[in-house]
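Visitor: Below is the structure I would like to discuss, written out as structure tokens.
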There are 2 protein chains.
Amino acid sequence: MLTERQLLILQVIIDDFIESAHPVGSRAISKKENISYSAATIRNEMADLEDMGFLEKTHSSSGRVPSEKGYRYYVDHLISPVRKQKNVNVIKHIIQDGFFEFEQLVQKSAEVLSDLTNYTSIILGPELFETKLKQLQIVTLSDHTAVAILITNTGHVEHRSFSIPSEIDPSDLEKMVNILNDRLHGIPIIHLPEMFNKEIASLMKMYLSNYDKSYDYLRAVFSHEHPVKLYVGGKSNILLQPEFNDVEKIRSFYSMMENEDEIANLLKGTTNGINVTIGNENQVDAIKDLSLITASYQLGDGQMGTIALLGPTRMEYRKVITLLNVLSNEMTEALYKWYRNNE
Amino acid sequence: MLTERQLLILQVIIDDFIESAHPVGSRAISKKENISYSAATIRNEMADLEDMGFLEKTHSSSGRVPSEKGYRYYVDHLISPVRKQKNVNVIKHIIQDGFFEFEQLVQKSAEVLSDLTNYTSIILGPELFETKLKQLQIVTLSDHTAVAILITNTGHVEHRSFSIPSEIDPSDLEKMVNILNDRLHGIPIIHLPEMFNKEIASLMKMYLSNYDKSYDYLRAVFSHEHPVKLYVGGKSNILLQPEFNDVEKIRSFYSMMENEDEIANLLKGTTNGINVTIGNENQVDAIKDLSLITASYQLGDGQMGTIALLGPTRMEYRKVITLLNVLSNEMTEALYKWYRNNE
DNA sequence: ATTAGCACTCGTTGATCAAGAGTGCTAACA
DNA sequence: TGTTAGCACTCTTGATCAACGAGTGCTAAT
């Protein structure tokens with residue numbers, strides 16, 4: 001168990017290191033306003049904290065650096081009650097500025113978040129558990145081509161082009177759309193793939209040429225795996241962090257960020273509320289020396305999306321957690337207002 | 001005027017430097033198979049080439065490095081007639097593998113291009129000079145919200161959500177859509193903004209609430225400025241180039257790449273055919289030490305898009321030019337087939 | 001329990017030096 | 001006259017080393 005004083009010292013050390021990125025020594029700590037002990041005393045405490053695994057040295061006679069365990073303790077116990085930040089108003093302002101589309105709101109939020117923190121922000125669109133198909137439309141562009149448009153009750157629109165075999169009569173196509181609309185209207189998106197497999201496939205086979213591929217594409221549109229869209233902000237902001245002074249690190253970071261699947265994996269399985277994973281706590285290798293903070297937002301009827309910030313383990317946890325809290329609440333509220341009338 | 005021998009030496013030096021990224025010395029050149037002169041002779045020629053501005057030294061006793069003028073001459077005169085590359089087949093294969101949508105084709109192409117070269121690829125969607133409005137649809141999601149969908153004759157789909165004032169009757173909305181469709185069908189996209197200003201604005205004012213913003217958004221959709229979409233591939237590939245061993249360089253590169261407007265600016269005003277701009281020939285500051293190679297592709301009736309590769313001035317010009325040639329031709333052809341029937 | 005003092009450790013910085021790559025120039029050569 | 005061998009010179013790179021400073025751990029005094 002940690003004493004009062006150890007708690008204080010640990011907190012001050014981590015705060016200092018988060019700000020300066022330099023190992024912090026006993027003398028520097030003893031000079032802080034709220035510290036009234038001599039450097040020697042601090043040294044003893046630091047040695048103890050190191051024995052307990054909260055601190056580390058970079059070399060035998062260096063100052064101390066928080067270990068992952070240290071950060072973990074800091075996040076769990078030492079972050080003082082969230083106090084108002086100036087930035088909060090920025091976020092509120094952005095969100096309440098009115099928006100006309102989900103995408104807009106999210107993209108903007110991602111950028112603001114990254115600018116406020118200099119970390120990389122990732123926002124995962126809501127998983128559309130309960131989104132329902134509102135309407136399916138097929139617009140023919142010519143005798144041979146058409147575009148299928150799928151509209152959900154939340155205003156999400158997906159579209160795919162495909163070609164029509166020459167044997168087919170446009171009226172047949174129309175008929176098919178009617179049938180599809182009839183059978184699929186109001187069906188939760190998540191159930192569309194089954195519907196396809198069971199009932200619709202045979203129908204499509206009759207009417208569409210190069211059935212295989214058209215089928216695949218339409219299936220992809222309907223599948224709930226696919227339309228989980230990713231919004232990333234400030235990928236280059238993270239380069240401002242001194243941790244990224246190594247080209248090799250930058251490379252591995254960017255090549256991970258180019259792989260959407262991997263990022264989606266990162267955010268998968270995040271629970272409600274704020275969630276912090278530090279360094280090796282992360283499952284994905286590429287970010288084992290980074291920290292990820294996620295927050296979820298709700299979409300009216302329980303659908304969930306995720307906001308996240310990715311930065312060095314030496315992260316401004318306090319600030320980030322506050323911001324994510326505010327943003328997720330604001331987003332939830334704004335989206336609630338926006339969608340509340342949608343069936 | 002350059003002598004035969006100087007030409008040969010210049011070419012060999014640039015080829016060597018492009019491959020190795022190291023300043024090349026006289027001894028190394030004299031050892032090449034197709035060179036039968038001694039190092040001393042080469043040195044004399046190199047000094048002359050330097051006097052003429054085709055070569056540079058990194059310091060007083062270093063080997064030579066091509067100057068921008070050198071690269072320019074190399075690109076204009078020394079690139080041997082394009083010979084078949086293995087990679088050509090890769091491209092053909094990708095393109096001819098069939099595609100169902102423009103976006104898919106383009107995104108895939110961008111990735112392949114970047115993978116084949118280890119440079120960053122940028123593809124600018126076609127400017128839709130002659131694209132015509134095929135259909136406009138408004139789907140109501142609820143009493144208060146609706147989504148407008150705009151479909152062009154090329155299968156491009158844009159959509160925007162907006163809110164409906166409570167005073168409006170759905171049938172009125174329907175009426176409005178009918179009117180809009182009536183007036184706008186077949187109108188080239190490029191003319192839509194005027195149409196809006198002149199005729200449609202007053203119409204919308206009657207029917208839509210928060211008219212100002214809805215109007216702005218719909219206008220943005222219709223405007224031809226906006227839908228010039230950008231596809232970027234392999235942003236992290238460029239980090240493999242030894243030129244990018246400096247964190248500051250990487251930062252400036254990435255922050256430019258995050259700014260779509262700036263990239264669009266880069267590619268604006270490119271002419272038909274292949275175009276190479278080297279280093280300071282570029283107008284945009286952020287890439288004054290890079291080279292940009294662009295190629296245009298056609299969309300059936302003369303609409304034009306641009307494919308580009310961005311890399312260090314020490315670029316494999318020969319290979320890149322070949323690839324861009326092939327790809328732009330293949331894209332033009334594929335798009336021609338794809339769109340040929342669209343009205 | 002705290003702290004002053006001190007010896008010790010280790011990373012950083014800057015100077016020095018040798019090796020190596022490459023040049024420019026001169027003089028000899030075909 | 002064009003080409004080449006030879007050599008002195010330049011500059012970068014990498015290694016080595018000493019001085020320095022920040023910081024620690026430990027001991028002894030308060």
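As shown in the structure tokens, the chain order sets the letters A, B, ...; within each chain, residues go from 1, and ligands are also counted from 1 in the order they appear.
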Do a neighbour search on range 17-30 of chain D at 7 Å with only C-alpha atoms (C1' of nucleotides), toss out local chain neighbours closer than 2 positions, and write the hits as a list in words.
Guide: Gly25, Ser61, Ser62 and Gly63 of chain A
Visitor: Under the rule of at most 10 Å, produce a per-residue listing of chain C near chain B: chain, number, name, the closest pair of atoms, and the distance in Å, as CSV, using only C-alpha atoms (C1' of nucleotides).
Guide:
```
residue,atom,partner,partner_atom,distance
C:DA21,C1',B:Ser62,CA,7.6
C:DG22,C1',B:Ser62,CA,5.4
C:DT23,C1',B:Ser61,CA,5.0
C:DG24,C1',B:Arg43,CA,8.7
```
Visitor: Choose the residue, out of B:Leu173, B:Ala146, B:Leu55, B:Val326, that has the smallest atom-to-atom separation from chain A; count only C-alpha atoms.
Guide: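 Of B:Leu173, B:Ala146, B:Leu55, B:Val326, the one nearest chain A is B:Ala146, counting only C-alpha atoms.
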Visitor: To one decimal place, how far is CA of His185 in chain A from CA of Leu133 in chain A in Å?
Guide: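 Value for the CA of His185 in chain A-CA of Leu133 in chain A distance: 5.5 Å.
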Visitor: If we count only C-alpha atoms (C1' of nucleotides), what is near Ile321 in chain B at a cut-off of 10 Å, once residues fewer than 3 positions away on the same chain are taken out, given as a VMD selection string?
Guide: chain B and resid 75 79 82 274 to 276 293 to 295 309 316 to 318 324 to 327
Visitor: Provide as a PDB file with C-alpha atoms (C1' of nucleotides), in the first residue's frame the residues of chain D at most 9 Å from chain B, counting only C-alpha atoms (C1' of nucleotides).
Guide:
```pdb
ATOM      1  C1'  DT D   3      43.718  10.377 -72.720  1.00  0.00           C
ATOM      2  C1'  DT D   4      45.535   8.650 -68.555  1.00  0.00           C
ATOM      3  C1'  DA D   5      48.504   7.759 -64.377  1.00  0.00           C
ATOM      4  C1'  DT D  10      39.645  18.059 -49.233  1.00  0.00           C
ATOM      5  C1'  DC D  11      35.948  16.518 -46.800  1.00  0.00           C
ATOM      6  C1'  DT D  12      33.025  13.031 -44.514  1.00  0.00           C
TER       7       DT D  12
END
```
